[in-house]
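Text of my_file_14.cif (mmCIF, C-alpha atoms) as supplied:
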data_data
loop_
_atom_site.label_atom_id
_atom_site.label_comp_id
_atom_site.auth_asym_id
_atom_site.auth_seq_id
_atom_site.Cartn_x
_atom_site.Cartn_y
_atom_site.Cartn_z
CA MET S 4 0.00 0.00 0.00
CA SER S 5 1.08 3.52 -0.63
CA LEU S 6 0.01 6.93 0.55
CA ARG S 7 -0.30 7.94 -3.11
CA SER S 8 -3.70 7.21 -4.68
CA PRO S 9 -3.92 5.31 -7.99
CA LEU S 10 -5.06 8.57 -9.65
CA ARG S 11 -1.99 10.44 -8.40
CA ARG S 12 0.28 7.70 -9.67
CA VAL S 13 -1.02 7.93 -13.26
CA THR S 14 -1.60 11.68 -13.45
CA GLY S 15 0.97 13.27 -15.70
CA LEU S 16 1.89 10.04 -17.46
CA GLY S 17 1.17 9.42 -21.12
CA SER S 18 0.51 11.99 -23.80
CA ALA S 19 -1.95 14.07 -21.76
CA LYS S 20 0.50 16.90 -21.03
CA GLY S 21 2.29 17.93 -24.20
CA GLY S 22 1.37 15.21 -26.66
CA ALA S 23 -0.34 17.54 -29.10
CA SER S 24 2.51 20.05 -29.24
CA HIS S 25 5.01 17.21 -29.80
CA TRP S 26 2.80 15.86 -32.59
CA TYR S 27 2.42 19.28 -34.25
CA ALA S 28 6.12 20.13 -33.95
CA GLN S 29 7.01 16.80 -35.57
CA ARG S 30 4.80 17.59 -38.56
CA ILE S 31 5.71 21.25 -38.96
CA THR S 32 9.42 20.37 -38.91
CA ALA S 33 8.63 17.53 -41.36
CA VAL S 34 7.17 19.94 -43.92
CA ALA S 35 10.11 22.32 -43.47
CA LEU S 36 12.60 19.46 -43.78
CA ALA S 37 10.99 18.13 -46.95
CA LEU S 38 11.76 21.50 -48.56
CA LEU S 39 15.16 22.07 -46.90
CA GLY S 40 16.22 18.47 -47.59
CA LEU S 41 15.45 18.82 -51.29
CA TRP S 42 17.30 22.15 -51.27
CA LEU S 43 20.37 20.42 -49.76
CA VAL S 44 20.28 17.60 -52.33
CA ILE S 45 20.01 20.09 -55.21
CA SER S 46 22.78 22.23 -53.68
CA LEU S 47 25.12 19.24 -53.40
CA ALA S 48 24.23 18.02 -56.89
CA THR S 49 25.02 21.42 -58.41
CA MET S 50 28.07 22.19 -56.26
CA GLY S 51 30.61 21.61 -59.03
CA GLY S 52 33.00 19.61 -56.88
CA ALA S 53 33.62 18.88 -53.21
CA ALA S 54 36.69 21.15 -52.94
CA HIS S 55 36.93 23.42 -49.90
CA GLU S 56 36.55 26.62 -51.93
CA ARG S 57 33.35 25.26 -53.49
CA VAL S 58 31.76 24.70 -50.06
CA VAL S 59 32.95 28.12 -48.87
CA ALA S 60 31.59 29.78 -52.02
CA TRP S 61 28.27 27.98 -51.55
CA LEU S 62 27.73 29.11 -47.94
CA ALA S 63 29.08 32.62 -48.65
CA SER S 64 25.68 33.36 -50.18
CA PRO S 65 23.39 34.75 -47.44
CA VAL S 66 20.41 32.79 -48.78
CA ALA S 67 22.31 29.50 -48.77
CA ALA S 68 23.70 30.21 -45.29
CA ALA S 69 20.21 31.03 -43.99
CA PHE S 70 18.78 27.81 -45.44
CA ALA S 71 21.72 25.83 -44.04
CA VAL S 72 21.16 27.25 -40.53
CA LEU S 73 17.44 26.51 -40.78
CA LEU S 74 18.22 22.99 -42.01
CA VAL S 75 20.56 22.28 -39.10
CA ILE S 76 18.14 23.56 -36.46
CA THR S 77 15.06 21.92 -38.00
CA ALA S 78 16.80 18.59 -38.61
CA ALA S 79 18.13 18.44 -35.04
CA TRP S 80 14.70 19.31 -33.67
CA HIS S 81 12.90 16.74 -35.85
CA ALA S 82 15.50 14.07 -35.03
CA VAL S 83 15.13 14.66 -31.29
CA LEU S 84 11.32 14.45 -31.51
CA GLY S 85 11.55 11.19 -33.47
CA LEU S 86 14.30 9.60 -31.40
CA GLN S 87 12.36 10.54 -28.25
CA VAL S 88 9.39 8.46 -29.42
CA VAL S 89 11.66 5.54 -30.35
CA VAL S 90 13.37 5.64 -26.94
CA GLU S 91 10.06 5.98 -25.10
CA ASP S 92 8.69 2.97 -26.98
CA TYR S 93 11.60 0.60 -26.50
CA VAL S 94 13.34 1.57 -23.25
CA GLY S 95 11.11 0.22 -20.50
CA ASP S 96 13.01 1.16 -17.35
CA LYS S 97 12.16 4.75 -16.39
CA GLY S 98 15.58 5.66 -15.05
CA THR S 99 17.35 4.34 -18.16
CA ARG S 100 14.79 6.05 -20.38
CA VAL S 101 15.28 9.47 -18.77
CA GLY S 102 19.06 9.00 -18.96
CA VAL S 103 19.05 7.99 -22.63
CA LEU S 104 16.72 10.89 -23.51
CA LEU S 105 19.04 13.33 -21.73
CA VAL S 106 22.05 12.02 -23.66
CA VAL S 107 20.18 12.16 -27.00
CA LYS S 108 18.90 15.70 -26.40
CA PHE S 109 22.26 17.00 -25.18
CA ALA S 110 24.10 15.36 -28.11
CA PHE S 111 21.76 16.86 -30.71
CA ALA S 112 21.78 20.27 -29.01
CA VAL S 113 25.59 20.26 -29.17
CA ALA S 114 25.56 19.06 -32.80
CA ALA S 115 23.02 21.73 -33.78
CA VAL S 116 25.07 24.54 -32.21
CA ILE S 117 28.26 23.24 -33.87
CA GLY S 118 26.45 23.09 -37.20
CA VAL S 119 25.09 26.63 -36.89
CA LEU S 120 28.46 28.05 -35.81
CA ALA S 121 30.18 26.23 -38.70
CA VAL S 122 27.78 27.73 -41.24
CA LEU S 123 28.10 31.22 -39.73
CA ARG S 124 31.90 30.98 -39.62
CA ILE S 125 31.94 30.19 -43.35
CA ALA S 126 29.22 32.76 -44.11
CA PHE S 127 31.18 35.52 -42.35
CA GLY S 128 34.31 34.57 -44.27
CA VAL S 129 36.38 33.38 -41.29
CA ALA S 130 37.08 29.93 -42.76
CA ALA S 131 38.40 31.04 -46.15
CA MET K 8 -5.88 -2.44 -6.34
CA ALA K 9 -6.05 -5.97 -7.76
CA GLN K 10 -3.42 -6.58 -10.45
CA ARG K 11 -4.92 -7.74 -13.72
CA ALA K 12 -3.06 -9.06 -16.76
CA ARG K 13 -2.18 -5.99 -18.77
CA PRO K 14 -3.18 -5.82 -22.47
CA LEU K 15 -0.37 -6.56 -24.90
CA SER K 16 0.90 -3.95 -27.34
CA PRO K 17 -0.36 -4.63 -30.89
CA PHE K 18 3.14 -5.27 -32.23
CA LEU K 19 3.50 -8.25 -29.88
CA HIS K 20 0.70 -10.32 -31.38
CA TYR K 21 -0.45 -8.84 -34.68
CA ARG K 22 0.22 -10.65 -37.94
CA TRP K 23 3.08 -9.18 -40.00
CA GLN K 24 1.79 -7.17 -42.98
CA TYR K 25 2.75 -4.33 -45.30
CA THR K 26 1.48 -1.59 -42.97
CA ASN K 27 3.82 -2.41 -40.11
CA THR K 28 6.68 -3.11 -42.54
CA LEU K 29 6.37 0.45 -43.90
CA SER K 30 5.96 1.78 -40.37
CA ILE K 31 9.07 0.14 -38.93
CA LEU K 32 11.03 1.17 -42.04
CA HIS K 33 10.01 4.77 -41.34
CA ARG K 34 11.47 4.44 -37.85
CA ILE K 35 14.66 2.71 -38.94
CA THR K 36 15.28 5.25 -41.73
CA GLY K 37 14.59 8.05 -39.23
CA VAL K 38 17.27 6.70 -36.89
CA VAL K 39 19.69 6.34 -39.84
CA LEU K 40 18.95 9.95 -40.86
CA SER K 41 19.73 11.11 -37.31
CA LEU K 42 23.18 9.60 -37.83
CA GLY K 43 23.31 11.25 -41.26
CA PHE K 44 22.59 14.61 -39.61
CA LEU K 45 25.62 14.15 -37.36
CA LEU K 46 27.75 13.38 -40.47
CA LEU K 47 26.42 16.56 -42.15
CA VAL K 48 27.45 18.61 -39.11
CA TYR K 49 30.87 16.87 -39.12
CA TRP K 50 31.32 17.83 -42.77
CA MET K 51 30.24 21.45 -42.21
CA ALA K 52 32.38 21.82 -39.09
CA ALA K 53 35.39 20.46 -41.01
CA ALA K 54 34.78 22.98 -43.79
CA ALA K 55 34.60 25.77 -41.19
CA ALA K 56 37.86 24.58 -39.62
CA GLY K 57 39.84 25.28 -42.81
CA PRO K 58 41.19 23.50 -45.89
CA GLU K 59 43.50 21.02 -44.07
CA ARG K 60 40.87 19.74 -41.64
CA TYR K 61 38.37 19.67 -44.49
CA ALA K 62 40.66 17.54 -46.66
CA ALA K 63 41.08 15.07 -43.77
CA ALA K 64 37.30 14.91 -43.32
CA LEU K 65 36.83 14.25 -47.04
CA ASP K 66 39.27 11.33 -46.76
CA THR K 67 37.27 9.94 -43.85
CA LEU K 68 33.94 10.39 -45.66
CA GLY K 69 35.43 8.81 -48.80
CA SER K 70 36.39 5.58 -47.03
CA PRO K 71 34.44 2.46 -48.10
CA LEU K 72 32.69 2.17 -44.72
CA ALA K 73 31.63 5.84 -44.74
CA GLN K 74 30.46 5.54 -48.36
CA LEU K 75 28.33 2.52 -47.37
CA VAL K 76 26.81 4.56 -44.51
CA LEU K 77 26.20 7.49 -46.88
CA ILE K 78 24.42 5.20 -49.36
CA GLY K 79 22.24 4.05 -46.46
CA VAL K 80 21.61 7.69 -45.49
CA THR K 81 20.68 8.53 -49.11
CA PHE K 82 18.10 5.75 -49.45
CA SER K 83 16.82 6.47 -45.93
CA PHE K 84 16.36 10.13 -46.89
CA CYS K 85 14.32 9.20 -49.97
CA TYR K 86 12.16 6.67 -48.16
CA HIS K 87 11.59 8.87 -45.10
CA LEU K 88 10.76 11.85 -47.34
CA LEU K 89 8.23 9.99 -49.50
CA ASN K 90 6.64 8.03 -46.66
CA GLY K 91 6.63 11.20 -44.56
CA VAL K 92 4.58 12.96 -47.23
CA ARG K 93 2.28 9.91 -47.31
CA HIS K 94 1.82 10.26 -43.55
CA LEU K 95 1.09 13.98 -43.86
CA PHE K 96 -1.77 13.05 -46.22
CA PHE K 97 -2.97 10.51 -43.63
CA ASP K 98 -2.84 13.26 -40.99
CA LEU K 99 -5.05 15.42 -43.22
CA GLY K 100 -7.53 12.54 -43.39
CA HIS K 101 -6.77 11.35 -46.92
CA GLY K 102 -5.68 8.01 -48.34
CA PHE K 103 -7.17 5.62 -45.78
CA GLU K 104 -9.06 3.51 -48.34
CA LEU K 105 -7.47 0.06 -48.26
CA LYS K 106 -6.68 0.12 -51.98
CA THR K 107 -5.32 3.67 -51.82
CA ALA K 108 -3.19 3.01 -48.74
CA ARG K 109 -1.72 -0.13 -50.28
CA ALA K 110 -1.03 1.64 -53.60
CA SER K 111 0.61 4.64 -51.89
CA GLY K 112 2.68 2.23 -49.80
CA TRP K 113 3.98 0.48 -52.92
CA ALA K 114 4.56 3.84 -54.61
CA VAL K 115 6.65 4.94 -51.62
CA ALA K 116 8.70 1.72 -51.55
CA ILE K 117 9.45 1.67 -55.29
CA GLY K 118 9.76 5.45 -55.51
CA ALA K 119 12.30 5.50 -52.70
CA MET K 120 14.51 2.95 -54.51
CA LEU K 121 14.37 4.91 -57.78
CA LEU K 122 14.79 8.33 -56.13
CA GLY K 123 17.63 6.93 -54.03
CA VAL K 124 19.58 5.93 -57.14
CA VAL K 125 18.91 9.32 -58.77
CA VAL K 126 19.97 11.29 -55.66
CA TRP K 127 23.11 9.19 -55.09
CA VAL K 128 24.24 9.54 -58.71
CA ALA K 129 23.37 13.26 -58.85
CA VAL K 130 25.11 14.15 -55.57
CA ARG K 131 28.21 12.12 -56.44
CA ALA K 132 28.35 13.86 -59.82
CA GLY K 133 27.85 17.25 -58.16
CA LEU K 134 30.65 16.61 -55.68
CA GLY K 135 32.99 15.44 -58.42
CA GLY K 136 32.71 11.75 -57.59
CA GLY K 137 35.27 12.21 -54.80
CA ALA K 138 32.91 12.12 -51.88
#
Would you kindly transcribe this structure into structure tokens?
Amino acid sequence: MSLRSPLRRVTGLGSAKGGASHWYAQRITAVALALLGLWLVISLATMGGAAHERVVAWLASPVAAAFAVLLVITAAWHAVLGLQVVVEDYVGDKGTRVGVLLVVKFAFAVAAVIGVLAVLRIAFGVAA
Amino acid sequence: MAQRARPLSPFLHYRWQYTNTLSILHRITGVVLSLGFLLLVYWMAAAAAGPERYAAALDTLGSPLAQLVLIGVTFSFCYHLLNGVRHLFFDLGHGFELKTARASGWAVAIGAMLLGVVVWVAVRAGLGGGA
């Protein structure tokens, strides 16, 4: 027996808190990524070589740099939302689940910031 | 509270069929794309670090193992993109007719293979075949 009632023990579990916002964010980032992903593929296909100066010339354009920053942020966000669902579905133990989710979210936050800084560094001409 | 036998999740006792094949593929390709995102950031960060670091990163990304991973990322991108659009139509309430859902599923599977080849060839050509 516990002092906590059955209602108290289930309140706050499941998708009742922020399920809808997670669902919407997944779809909004999906639409954005469909466009940004195609933009990346076309950019790579029309790059004219993988040489360093080609990449620098590509991201020197403000429009390309803006799209690249948006792509990095949106992709990291979408990946975290998706990986969160995968982890929540397959990692049963609550402590492990919270730990794995922390690692995933920290890792993708770090990767996103590195990606944005890399694009900005090239865009501002520091990496030439 | 008396403990009753809890209901099983559908994936533990449902028959295997095309719907859950497409569904699990969406998940697997999503996880692969998460890895692909980290490789994209690695590539961009190397470019930002200067020509020497970038050349080293290109060598790494050009290795047979990395190329295999990048092929996987390419096909995952195409599948996840097409099936993602299919799911957006589902979310808008369209395409639930059994015949339609099956046809769109096949279209996604075949389309992803074809688009994957096109994207891989196009990107390799665009990057000079080196990476």
Go through K:Gly112, K:Pro14, K:Gly100, K:Pro58 one by one, measure the shortest atom-to-atom distance of each to Ser30 of chain K using all atoms listed in the file, and give the residue with the smallest value. K:Gly112
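Atom pair atom CA of Gly40 of chain S / atom CA of Val39 of chain K has a distance of 14.8 Å (rounded to one decimal).
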Find the residues of chain S that sit at most 10 Å from chain K; for each, write down the nearest two atoms and how far apart they are in Å, to one decimal. Count only C-alpha atoms. Sort by chain, then by number going up, and give it as a tab-separated table.
residue	atom	partner	partner_atom	distance
S:Met4	CA	K:Met8	CA	9.0
S:Pro9	CA	K:Met8	CA	8.2
S:Arg30	CA	K:Leu95	CA	7.4
S:Ile31	CA	K:Leu95	CA	9.9
S:Ala33	CA	K:Gly91	CA	7.4
S:Val34	CA	K:Val92	CA	8.1
S:Leu36	CA	K:Leu88	CA	8.6
S:Ala37	CA	K:Leu88	CA	6.3
S:Leu38	CA	K:Leu88	CA	9.8
S:Gly40	CA	K:Phe84	CA	8.4
S:Leu41	CA	K:Leu88	CA	9.3
S:Leu43	CA	K:Val130	CA	9.8
S:Val44	CA	K:Val130	CA	6.8
S:Ile45	CA	K:Val130	CA	7.8
S:Ser46	CA	K:Gly133	CA	8.4
S:Leu47	CA	K:Val130	CA	5.5
S:Ala48	CA	K:Gly133	CA	3.9
S:Thr49	CA	K:Gly133	CA	5.0
S:Met50	CA	K:Gly133	CA	5.3
S:Gly51	CA	K:Gly133	CA	5.2
S:Gly52	CA	K:Leu134	CA	4.0
S:Ala53	CA	K:Leu134	CA	4.5
S:Ala54	CA	K:Leu134	CA	8.0
S:His55	CA	K:Pro58	CA	5.9
S:Glu56	CA	K:Pro58	CA	8.2
S:Arg57	CA	K:Leu134	CA	9.3
S:Val58	CA	K:Ala54	CA	7.2
S:Val59	CA	K:Ala54	CA	7.5
S:Leu62	CA	K:Met51	CA	9.9
S:Ala71	CA	K:Met51	CA	9.8
S:Leu74	CA	K:Phe44	CA	9.8
S:Val75	CA	K:Val48	CA	7.8
S:Ala78	CA	K:Phe44	CA	7.1
S:Ala79	CA	K:Phe44	CA	7.4
S:His81	CA	K:Ser41	CA	9.0
S:Ala82	CA	K:Ser41	CA	5.6
S:Val83	CA	K:Ser41	CA	8.4
S:Gly85	CA	K:Gly37	CA	7.2
S:Leu86	CA	K:Val38	CA	6.9
S:Val88	CA	K:Arg34	CA	9.6
S:Val89	CA	K:Arg34	CA	7.6
S:Ala110	CA	K:Leu45	CA	9.5
S:Phe111	CA	K:Leu45	CA	8.2
S:Ala114	CA	K:Val48	CA	6.6
S:Ala115	CA	K:Val48	CA	7.6
S:Val116	CA	K:Val48	CA	9.4
S:Ile117	CA	K:Ala52	CA	6.8
S:Gly118	CA	K:Val48	CA	5.0
S:Val119	CA	K:Val48	CA	8.6
S:Leu120	CA	K:Ala52	CA	8.1
S:Ala121	CA	K:Ala52	CA	4.9
S:Val122	CA	K:Met51	CA	6.8
S:Leu123	CA	K:Ala55	CA	8.6
S:Arg124	CA	K:Ala55	CA	6.1
S:Ile125	CA	K:Ala55	CA	5.6
S:Ala126	CA	K:Ala55	CA	9.3
S:Gly128	CA	K:Ala55	CA	9.3
S:Val129	CA	K:Ala55	CA	7.8
S:Ala130	CA	K:Ala55	CA	5.1
S:Ala131	CA	K:Gly57	CA	6.8
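In this structure, atom CA of Phe109 of chain S sits 11.6 Å away from atom CA of Trp80 of chain S.
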Thr26 of chain K: which residues within 9 Å, counting all atoms listed in the file, same-chain residues fewer than 5 positions away excluded, as a ChimeraX atom specification? /K:31,108-109,112
So that I have them on file, write out the residues from the current selection with C-alpha atoms, as a compact mmCIF listing (two decimals), in the frame of the given file.
# COMPACT_ATOMS: atom_id res chain seq x y z
CA ILE K 31 9.07 0.14 -38.93
CA ALA K 108 -3.19 3.01 -48.74
CA ARG K 109 -1.72 -0.13 -50.28
CA GLY K 112 2.68 2.23 -49.80
As AutoDock Vina command-line options, please report the centre and edge lengths, rounded to one decimal in Å, of the axis-aligned box that holds all listed atoms of segment 91-100 of chain S with 5 Å of padding on each of the six sides.
--center_x 13.0 --center_y 3.1 --center_z -21.0 --size_x 18.7 --size_y 15.8 --size_z 21.9
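Here atom CA of Gly118 of chain K stands at a distance of 14.8 Å from atom CA of Thr36 of chain K.
Considering the residues K:Ser16, K:Thr67, K:Ser83, K:Thr28 and counting only C-alpha atoms, Val124 of chain K has its shortest atom-to-atom contact with K:Ser83.
Distances to Ala110 of chain K were evaluated for K:Ala63, K:Leu32, K:Tyr25, K:Val125 using all atoms listed in the file, and the minimum falls at K:Tyr25.
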